[in-house]
$ cat final_18.cif   # mmCIF, C-alpha atoms
data_entry
loop_
_atom_site.label_atom_id
_atom_site.label_comp_id
_atom_site.auth_asym_id
_atom_site.auth_seq_id
_atom_site.Cartn_x
_atom_site.Cartn_y
_atom_site.Cartn_z
CA MET U 1 -14.55 5.81 14.09
CA TYR U 2 -13.68 8.43 11.48
CA PRO U 3 -16.03 9.16 8.55
CA LEU U 4 -15.01 8.05 5.06
CA PRO U 5 -14.69 11.18 2.87
CA LEU U 6 -15.76 9.56 -0.39
CA SER U 7 -15.55 12.92 -2.13
CA ALA U 8 -11.77 12.93 -1.45
CA LEU U 9 -10.93 10.08 -3.83
CA LEU U 10 -7.47 10.03 -5.39
CA ILE U 11 -6.00 11.20 -8.60
CA LEU U 12 -2.90 9.20 -9.62
CA VAL U 13 -0.49 9.88 -12.46
CA GLY U 14 0.61 7.04 -14.65
CA LEU U 15 -0.20 5.71 -18.07
CA LEU U 16 -1.96 2.42 -18.61
CA SER U 17 0.10 0.61 -21.24
CA THR U 18 -3.06 -1.20 -22.42
CA PRO U 19 -6.59 -1.47 -20.99
CA VAL U 20 -5.63 -4.90 -19.67
CA LEU U 21 -2.09 -4.60 -18.38
CA ALA U 22 -1.97 -1.82 -15.79
CA HIS U 23 -3.78 -3.14 -12.73
CA GLU U 24 -2.33 -3.68 -9.26
CA PRO U 25 -3.64 -4.84 -5.89
CA VAL U 26 -5.33 -2.24 -3.68
CA PHE U 27 -3.64 -3.17 -0.38
CA SER U 28 -0.20 -4.02 -1.75
CA LEU U 29 2.40 -3.01 -4.33
CA GLY U 30 2.44 -4.60 -7.77
CA PRO U 31 5.10 -4.84 -10.50
CA GLU U 32 3.67 -2.10 -12.72
CA THR U 33 5.88 0.82 -13.84
CA ILE U 34 4.93 4.03 -15.63
CA PHE U 35 6.14 4.83 -19.16
CA GLU U 36 9.32 6.86 -19.72
CA GLY U 37 8.71 10.57 -19.12
CA GLY U 38 5.27 9.95 -17.68
CA PHE U 39 4.05 11.76 -14.58
CA GLY U 40 1.37 10.82 -12.15
CA ILE U 41 -0.50 12.03 -9.07
CA GLU U 42 -2.35 9.77 -6.65
CA VAL U 43 -4.70 10.54 -3.79
CA GLU U 44 -5.84 7.71 -1.52
CA PHE U 45 -8.04 7.56 1.56
CA GLU U 46 -7.15 4.82 4.03
CA PHE U 47 -8.75 3.85 7.33
CA GLU U 48 -7.52 1.16 9.72
CA ASP U 49 -8.73 -0.03 13.10
CA ALA U 50 -5.91 -2.28 14.29
CA LYS U 51 -4.14 -3.19 17.51
CA GLY U 52 -5.83 -0.61 19.70
CA GLU U 53 -5.62 2.41 17.40
CA GLN U 54 -7.75 4.03 14.73
CA LEU U 55 -5.94 5.69 11.85
CA ALA U 56 -7.43 7.75 9.03
CA VAL U 57 -4.97 8.96 6.37
CA MET U 58 -5.10 10.75 3.04
CA ASN U 59 -2.08 9.65 0.99
CA TYR U 60 -0.81 11.74 -1.92
CA GLU U 61 1.58 10.17 -4.43
CA ILE U 62 3.56 11.61 -7.31
CA LEU U 63 5.01 9.19 -9.89
CA TYR U 64 7.60 9.71 -12.59
CA GLY U 65 8.81 7.29 -15.24
CA LEU U 66 12.59 7.64 -15.45
CA LYS U 67 12.58 4.73 -17.94
CA ASP U 68 9.87 2.40 -19.16
CA ASN U 69 11.02 -0.11 -16.55
CA LEU U 70 12.05 2.31 -13.77
CA SER U 71 9.60 4.46 -11.80
CA LEU U 72 10.13 6.95 -8.98
CA ILE U 73 7.40 7.53 -6.37
CA LEU U 74 6.96 10.18 -3.67
CA LYS U 75 4.32 9.46 -1.01
CA VAL U 76 3.12 12.19 1.37
CA PRO U 77 0.65 11.08 4.09
CA GLN U 78 -1.69 13.59 5.69
CA ILE U 79 -3.02 12.04 8.89
CA LEU U 80 -6.66 13.03 9.31
CA GLY U 81 -6.74 11.45 12.75
CA ARG U 82 -4.78 8.95 14.80
CA GLU U 83 -6.57 7.87 17.98
CA VAL U 84 -4.90 5.84 20.72
CA GLY U 85 -6.24 5.54 24.26
CA GLY U 86 -8.76 8.33 23.77
CA GLU U 87 -6.15 10.82 22.51
CA THR U 88 -6.22 12.05 18.90
CA GLU U 89 -3.62 13.83 16.77
CA ARG U 90 -3.64 15.16 13.20
CA GLY U 91 -0.91 16.38 10.87
CA LEU U 92 1.82 15.38 8.44
CA GLY U 93 3.03 11.78 8.62
CA ASP U 94 6.34 10.24 7.55
CA ILE U 95 7.16 10.91 3.88
CA GLU U 96 8.35 7.96 1.80
CA PHE U 97 10.38 7.73 -1.43
CA ARG U 98 10.21 4.55 -3.53
CA THR U 99 11.72 3.19 -6.71
CA LYS U 100 10.38 0.29 -8.72
CA TYR U 101 12.54 -1.48 -11.31
CA ARG U 102 10.92 -3.97 -13.69
CA PHE U 103 13.62 -6.45 -14.66
CA PHE U 104 11.43 -9.12 -16.28
CA LYS U 105 8.56 -8.89 -18.77
CA ARG U 106 7.12 -11.60 -20.99
CA ASP U 107 4.26 -11.10 -23.41
CA THR U 108 2.03 -13.92 -24.56
CA LEU U 109 -1.23 -13.90 -26.51
CA GLY U 110 -3.56 -11.67 -24.48
CA ALA U 111 -1.47 -11.87 -21.32
CA GLN U 112 1.68 -10.58 -19.69
CA ASN U 113 4.03 -11.62 -16.87
CA LYS U 114 6.10 -9.04 -14.96
CA VAL U 115 8.57 -9.03 -12.09
CA SER U 116 9.84 -5.87 -10.38
CA GLY U 117 12.19 -5.02 -7.54
CA ILE U 118 11.18 -2.43 -4.97
CA PHE U 119 13.31 -0.13 -2.81
CA GLY U 120 12.10 2.64 -0.53
CA ILE U 121 13.17 4.98 2.24
CA LYS U 122 10.89 6.61 4.82
CA VAL U 123 12.07 9.80 6.50
CA PRO U 124 10.88 11.02 9.96
CA THR U 125 8.80 14.04 8.94
CA GLY U 126 5.92 13.17 11.27
CA ASP U 127 5.90 14.57 14.80
CA ASP U 128 7.00 11.66 16.99
CA ASP U 129 6.68 13.79 20.17
CA ALA U 130 2.93 14.21 19.67
CA GLU U 131 0.49 12.13 21.76
CA PRO U 132 -0.14 9.88 19.94
CA ALA U 133 2.86 10.17 17.64
CA LEU U 134 2.34 11.05 13.97
CA GLY U 135 5.62 9.38 12.94
CA THR U 136 8.06 6.77 14.17
CA GLY U 137 11.01 9.16 14.49
CA THR U 138 13.10 6.71 12.47
CA THR U 139 14.55 6.48 8.98
CA ASP U 140 13.28 3.17 7.58
CA PHE U 141 14.26 1.20 4.49
CA LEU U 142 11.99 -0.96 2.32
CA PHE U 143 13.21 -3.89 0.20
CA GLY U 144 10.97 -6.14 -1.83
CA GLY U 145 9.84 -7.72 -5.05
CA SER U 146 6.55 -8.20 -6.89
CA TYR U 147 5.29 -10.64 -9.52
CA GLY U 148 2.16 -10.11 -11.60
CA TYR U 149 0.22 -12.02 -14.25
CA GLU U 150 -2.46 -10.11 -16.17
CA SER U 151 -4.67 -11.42 -18.96
CA ARG U 152 -7.97 -10.52 -20.56
CA THR U 153 -9.77 -12.52 -17.89
CA TRP U 154 -7.56 -13.53 -14.95
CA TYR U 155 -5.03 -11.79 -12.72
CA HIS U 156 -2.75 -12.92 -9.93
CA PHE U 157 -0.10 -11.11 -7.92
CA ALA U 158 2.49 -12.05 -5.28
CA THR U 159 4.58 -9.51 -3.38
CA ALA U 160 7.10 -9.71 -0.55
CA ARG U 161 8.39 -6.64 1.32
CA TYR U 162 10.73 -6.19 4.27
CA ARG U 163 10.77 -2.91 6.21
CA PHE U 164 14.02 -2.35 8.13
CA ARG U 165 13.38 0.15 10.92
CA THR U 166 16.28 2.05 12.46
CA GLU U 167 16.62 3.17 16.07
CA SER U 168 15.05 6.31 17.50
CA GLY U 169 16.89 7.36 20.64
CA SER U 170 16.80 4.47 23.08
CA ARG U 171 13.90 2.76 21.27
CA ASP U 172 14.32 0.37 18.35
CA PRO U 173 10.99 -0.35 16.59
CA GLY U 174 10.63 -3.89 15.32
CA ASP U 175 11.17 -4.66 11.65
CA ARG U 176 8.17 -5.77 9.55
CA LEU U 177 7.76 -8.43 6.86
CA PHE U 178 4.82 -8.40 4.44
CA ILE U 179 3.75 -11.36 2.26
CA ASP U 180 0.87 -10.48 -0.07
CA GLY U 181 -1.18 -12.31 -2.66
CA ALA U 182 -4.18 -11.47 -4.86
CA ILE U 183 -6.39 -13.18 -7.43
CA GLY U 184 -8.47 -11.12 -9.84
CA TYR U 185 -11.17 -11.75 -12.44
CA ARG U 186 -12.63 -9.57 -15.20
CA PRO U 187 -16.33 -10.50 -15.47
CA TRP U 188 -16.83 -8.64 -18.79
CA ARG U 189 -14.32 -8.22 -21.60
CA ARG U 190 -14.28 -4.58 -22.54
CA GLU U 191 -12.47 -2.45 -25.12
CA TYR U 192 -10.10 0.35 -24.20
CA LEU U 193 -12.63 3.14 -24.89
CA GLU U 194 -15.21 1.47 -22.61
CA TRP U 195 -15.43 1.19 -18.85
CA ASP U 196 -13.71 -1.88 -17.38
CA LEU U 197 -14.19 -3.73 -14.10
CA VAL U 198 -11.81 -6.14 -12.34
CA THR U 199 -12.71 -7.79 -9.03
CA LEU U 200 -10.09 -9.27 -6.70
CA VAL U 201 -9.64 -11.14 -3.46
CA GLU U 202 -6.54 -9.99 -1.59
CA MET U 203 -4.68 -11.60 1.30
CA ASN U 204 -1.97 -9.74 3.18
CA THR U 205 0.19 -11.25 5.92
CA GLU U 206 2.09 -9.01 8.35
CA PHE U 207 4.91 -10.22 10.59
CA GLU U 208 6.03 -7.55 13.06
CA PHE U 209 8.99 -8.13 15.36
CA LYS U 210 9.06 -6.84 18.94
CA ASP U 211 10.22 -3.33 19.76
CA GLU U 212 13.29 -2.90 21.92
CA LEU U 213 13.94 -0.29 24.60
CA ARG U 214 17.58 0.07 25.68
CA GLY U 215 18.28 -3.40 24.32
CA VAL U 216 15.32 -5.06 26.09
CA ARG U 217 12.49 -6.50 24.02
CA LEU U 218 9.06 -5.14 24.94
CA PRO U 219 6.60 -8.01 25.51
CA ASP U 220 3.45 -6.15 24.41
CA THR U 221 4.66 -5.37 20.89
CA GLY U 222 4.81 -7.21 17.59
CA GLY U 223 2.89 -10.18 16.30
CA ASN U 224 1.30 -11.64 13.18
CA ILE U 225 -1.89 -10.71 11.30
CA ILE U 226 -3.47 -12.12 8.14
CA TRP U 227 -5.90 -9.77 6.40
CA LEU U 228 -8.39 -10.98 3.78
CA GLY U 229 -11.06 -9.22 1.77
CA PRO U 230 -12.58 -8.17 -1.57
CA THR U 231 -11.38 -5.27 -3.71
CA ALA U 232 -12.36 -3.84 -7.09
CA LEU U 233 -10.83 -1.71 -9.86
CA LEU U 234 -13.11 0.32 -12.15
CA SER U 235 -11.38 2.10 -15.03
CA TYR U 236 -12.30 4.24 -18.02
CA ARG U 237 -9.46 4.85 -20.48
CA ASN U 238 -6.66 6.21 -18.29
CA ILE U 239 -8.78 6.93 -15.20
CA MET U 240 -9.26 4.35 -12.46
CA PHE U 241 -11.29 4.14 -9.25
CA LYS U 242 -10.44 1.43 -6.75
CA GLY U 243 -11.33 0.35 -3.26
CA GLY U 244 -11.97 -2.49 -0.90
CA ALA U 245 -12.09 -3.75 2.67
CA GLN U 246 -10.13 -6.35 4.61
CA PHE U 247 -10.72 -8.15 7.87
CA PRO U 248 -8.31 -10.12 10.10
CA VAL U 249 -8.84 -13.85 9.60
CA TYR U 250 -5.87 -14.73 11.82
CA GLU U 251 -4.23 -12.66 14.55
CA ASN U 252 -1.51 -13.67 16.98
CA LEU U 253 -0.24 -10.60 18.85
CA ASN U 254 2.41 -10.67 21.54
CA GLY U 255 1.51 -9.88 25.14
CA ASN U 256 -1.43 -7.62 25.95
CA GLN U 257 -2.62 -5.90 22.76
CA ASP U 258 -6.07 -5.06 21.47
CA SER U 259 -7.34 -7.03 18.48
CA SER U 260 -7.84 -5.57 15.00
CA SER U 261 -11.20 -5.20 13.25
CA VAL U 262 -11.10 -3.68 9.75
CA ARG U 263 -9.22 -1.61 7.20
CA VAL U 264 -10.53 0.06 4.05
CA VAL U 265 -9.12 1.95 1.06
CA PHE U 266 -10.83 4.18 -1.51
CA ALA U 267 -8.81 5.69 -4.35
CA ALA U 268 -8.90 7.30 -7.80
CA GLU U 269 -6.11 7.39 -10.39
CA TYR U 270 -5.48 9.50 -13.45
CA HIS U 271 -2.70 8.58 -15.90
CA PHE U 272 -1.17 10.85 -18.55
#
$ encode --input "final_18.cif" --output "structure tokens"
Amino acid sequence: MYPLPLSALLILVGLLSTPVLAHEPVFSLGPETIFEGGFGIEVEFEFEDAKGEQLAVMNYEILYGLKDNLSLILKVPQILGREVGGETERGLGDIEFRTKYRFFKRDTLGAQNKVSGIFGIKVPTGDDDAEPALGTGTTDFLFGGSYGYESRTWYHFATARYRFRTESGSRDPGDRLFIDGAIGYRPWRREYLEWDLVTLVEMNTEFEFKDELRGVRLPDTGGNIIWLGPTALLSYRNIMFKGGAQFPVYENLNGNQDSSSVRVVFAAEYHF
């Protein structure tokens, strides 16, 4: 197990449109976009013990609001340690570029509904020759959409993402489908100049298809996992701290693969 460097919490750039309407799930992507001309920086610590490997990553994100409803995101992962079979590697992971386009927004009294489309591309900047590999060696594409409802008291989110993974030499990693949902509650109604707390329960379902090697599907790859757990968002004006933990409540992996145990995220955001 790797220690959790709590002192390395993130700083994200973005502007909260109101104290109520700028929250997103911790383990998924939401529909939120940053205001036009806004910049943002995010730092996020993530740890996962899943399918026979332990992975500790510090993610750094830069956001820019091209329009009020169109955001650009650059994500740079620094792998603090990836351990597989007793071997550990550290270094730069695969960099990802994302865009988020909000094409629907409806305001009601004290609440808001939003829907956004998501597109991303991951480039093979991680060393895939390392043991274990720090990247997949592939250029992958992400397609998805996210819906969010946010009010003074209740929140709910639903997101679907499909990651299309290209071939790397003779190996073709399996594509991945993510179906995510979250329900949130604000226990105290606070004003913008006061601290604000939102608690959530998040469920994330992962469907991973089998890898192929020279056109032959590998039996000990792919499978399905459902993660479930509590998360929380604590904000003060345009600064937010967030974190949570999830555990597998259902796991059906193909062939001979180790089971998963836990994943956690701790983060901090600053919006301007």
$ atom_distance --input "final_18.cif" --atom1 "CA of Ile226 (chain U)" --atom2 "CA of Phe157 (chain U)"
16.4 Å
$ residues_around --input "final_18.cif" --residues "Thr138 (chain U)" --least-positions-apart "5" --cutoff "10 Å" --atoms "all atoms listed in the file" --output "JSON, numbers by chain"
{"U": [94, 122, 123, 124, 125, 126, 128, 165, 166, 167, 168, 169, 171, 172, 173]}
$ write_last_selection --input "final_18.cif" --atoms "C-alpha atoms" --output "CSV table (one decimal), keeping the file's coordinate frame"
chain,number,residue,atom,x,y,z
U,94,ASP,CA,6.3,10.2,7.6
U,122,LYS,CA,10.9,6.6,4.8
U,123,VAL,CA,12.1,9.8,6.5
U,124,PRO,CA,10.9,11.0,10.0
U,125,THR,CA,8.8,14.0,8.9
U,126,GLY,CA,5.9,13.2,11.3
U,128,ASP,CA,7.0,11.7,17.0
U,165,ARG,CA,13.4,0.2,10.9
U,166,THR,CA,16.3,2.0,12.5
U,167,GLU,CA,16.6,3.2,16.1
U,168,SER,CA,15.0,6.3,17.5
U,169,GLY,CA,16.9,7.4,20.6
U,171,ARG,CA,13.9,2.8,21.3
U,172,ASP,CA,14.3,0.4,18.4
U,173,PRO,CA,11.0,-0.4,16.6
$ atom_distance --input "final_18.cif" --atom1 "CA of Ala130 (chain U)" --atom2 "CA of Ile73 (chain U)"
27.3 Å
$ closest_residue --input "final_18.cif" --among "U:Glu150, U:Glu32, U:Glu89, U:Glu202" --to "Tyr101 (chain U)" --atoms "only C-alpha atoms"
U:Glu32
$ resolve_selection --input "final_18.cif" --expression "the PyMOL selection byres ((chain U and resi 219) around 10)" --output "PyMOL selection string"
chain U and resi 210-212+216-218+220-222+253-257
$ write_last_selection --input "final_18.cif" --atoms "C-alpha atoms" --output "short mmCIF file (atom, residue, chain, number, x, y, z; two decimals), in the coordinates of the input"
data_model
loop_
_atom_site.label_atom_id
_atom_site.label_comp_id
_atom_site.auth_asym_id
_atom_site.auth_seq_id
_atom_site.Cartn_x
_atom_site.Cartn_y
_atom_site.Cartn_z
CA LYS U 210 9.06 -6.84 18.94
CA ASP U 211 10.22 -3.33 19.76
CA GLU U 212 13.29 -2.90 21.92
CA VAL U 216 15.32 -5.06 26.09
CA ARG U 217 12.49 -6.50 24.02
CA LEU U 218 9.06 -5.14 24.94
CA ASP U 220 3.45 -6.15 24.41
CA THR U 221 4.66 -5.37 20.89
CA GLY U 222 4.81 -7.21 17.59
CA LEU U 253 -0.24 -10.60 18.85
CA ASN U 254 2.41 -10.67 21.54
CA GLY U 255 1.51 -9.88 25.14
CA ASN U 256 -1.43 -7.62 25.95
CA GLN U 257 -2.62 -5.90 22.76
#
$ resolve_selection --input "final_18.cif" --expression "the PyMOL selection byres ((chain U and resi 99) around 8)" --output "list in words"
Leu70, Ser71, Leu72, Ile73, Phe97, Arg98, Lys100, Tyr101, Ile118, Phe119 and Gly120 of chain U
$ atom_distance --input "final_18.cif" --atom1 "CA of Gly65 (chain U)" --atom2 "CA of Phe178 (chain U)"
25.5 Å
$ closest_residue --input "final_18.cif" --among "U:Lys75, U:Lys105, U:His156, U:Lys51" --to "Glu251 (chain U)" --atoms "all atoms listed in the file"
U:Lys51
$ residues_around --input "final_18.cif" --residues "Leu142 (chain U)" --least-positions-apart "2" --cutoff "8 Å" --atoms "all atoms listed in the file" --output "MDAnalysis selection string"
chainID U and resid 118:121 140 144 161:164
$ closest_residue --input "final_18.cif" --among "U:Glu269, U:Asp68, U:Glu83, U:Asp127" --to "Asp49 (chain U)" --atoms "only C-alpha atoms"
U:Glu83
$ closest_residue --input "final_18.cif" --among "U:Phe266, U:Phe272, U:Trp227, U:Phe27" --to "Val43 (chain U)" --atoms "all atoms listed in the file"
U:Phe266
$ decode --input "final_18.cif" --residues "region 103-124 of chain U" --atoms "N, CA and C atoms" --output "short mmCIF file (atom, residue, chain, number, x, y, z; two decimals), in the first residue's frame"
data_model
loop_
_atom_site.label_atom_id
_atom_site.label_comp_id
_atom_site.auth_asym_id
_atom_site.auth_seq_id
_atom_site.Cartn_x
_atom_site.Cartn_y
_atom_site.Cartn_z
N PHE U 103 -24.78 21.72 -23.86
CA PHE U 103 -25.75 22.09 -24.89
C PHE U 103 -27.16 22.28 -24.35
N PHE U 104 -27.35 22.03 -23.05
CA PHE U 104 -28.67 22.23 -22.45
C PHE U 104 -28.51 22.78 -21.05
N LYS U 105 -29.32 23.81 -20.73
CA LYS U 105 -29.33 24.38 -19.39
C LYS U 105 -30.70 24.96 -19.12
N ARG U 106 -31.29 24.57 -18.00
CA ARG U 106 -32.61 25.08 -17.63
C ARG U 106 -32.59 25.50 -16.18
N ASP U 107 -32.93 26.76 -15.94
CA ASP U 107 -32.99 27.29 -14.58
C ASP U 107 -34.41 27.29 -14.07
N THR U 108 -34.58 26.83 -12.85
CA THR U 108 -35.85 26.94 -12.14
C THR U 108 -35.57 27.60 -10.80
N LEU U 109 -36.59 27.81 -9.99
CA LEU U 109 -36.42 28.49 -8.72
C LEU U 109 -35.51 27.68 -7.81
N GLY U 110 -34.29 28.17 -7.59
CA GLY U 110 -33.35 27.51 -6.68
C GLY U 110 -32.75 26.24 -7.21
N ALA U 111 -32.85 25.97 -8.50
CA ALA U 111 -32.32 24.72 -9.05
C ALA U 111 -31.90 24.92 -10.50
N GLN U 112 -31.18 23.94 -11.01
CA GLN U 112 -30.69 24.03 -12.38
C GLN U 112 -30.48 22.62 -12.93
N ASN U 113 -30.84 22.44 -14.21
CA ASN U 113 -30.59 21.20 -14.93
C ASN U 113 -29.58 21.48 -16.04
N LYS U 114 -28.62 20.58 -16.24
CA LYS U 114 -27.61 20.75 -17.27
C LYS U 114 -27.32 19.42 -17.95
N VAL U 115 -26.99 19.50 -19.25
CA VAL U 115 -26.54 18.33 -19.99
C VAL U 115 -25.35 18.75 -20.84
N SER U 116 -24.28 17.97 -20.80
CA SER U 116 -23.07 18.27 -21.55
C SER U 116 -22.57 17.04 -22.30
N GLY U 117 -21.95 17.30 -23.44
CA GLY U 117 -21.25 16.25 -24.18
C GLY U 117 -19.76 16.30 -23.86
N ILE U 118 -19.13 15.15 -23.91
CA ILE U 118 -17.72 15.03 -23.52
C ILE U 118 -16.95 14.33 -24.64
N PHE U 119 -15.80 14.90 -25.00
CA PHE U 119 -14.90 14.24 -25.94
C PHE U 119 -13.48 14.38 -25.42
N GLY U 120 -12.69 13.30 -25.53
CA GLY U 120 -11.32 13.34 -25.06
C GLY U 120 -10.40 12.48 -25.90
N ILE U 121 -9.12 12.77 -25.81
CA ILE U 121 -8.10 11.97 -26.48
C ILE U 121 -6.93 11.79 -25.52
N LYS U 122 -6.48 10.56 -25.37
CA LYS U 122 -5.33 10.23 -24.51
C LYS U 122 -4.16 9.84 -25.39
N VAL U 123 -3.01 10.47 -25.15
CA VAL U 123 -1.83 10.20 -25.98
C VAL U 123 -0.82 9.38 -25.18
N PRO U 124 -0.03 8.52 -25.85
CA PRO U 124 0.86 7.57 -25.16
C PRO U 124 2.17 8.21 -24.70
#
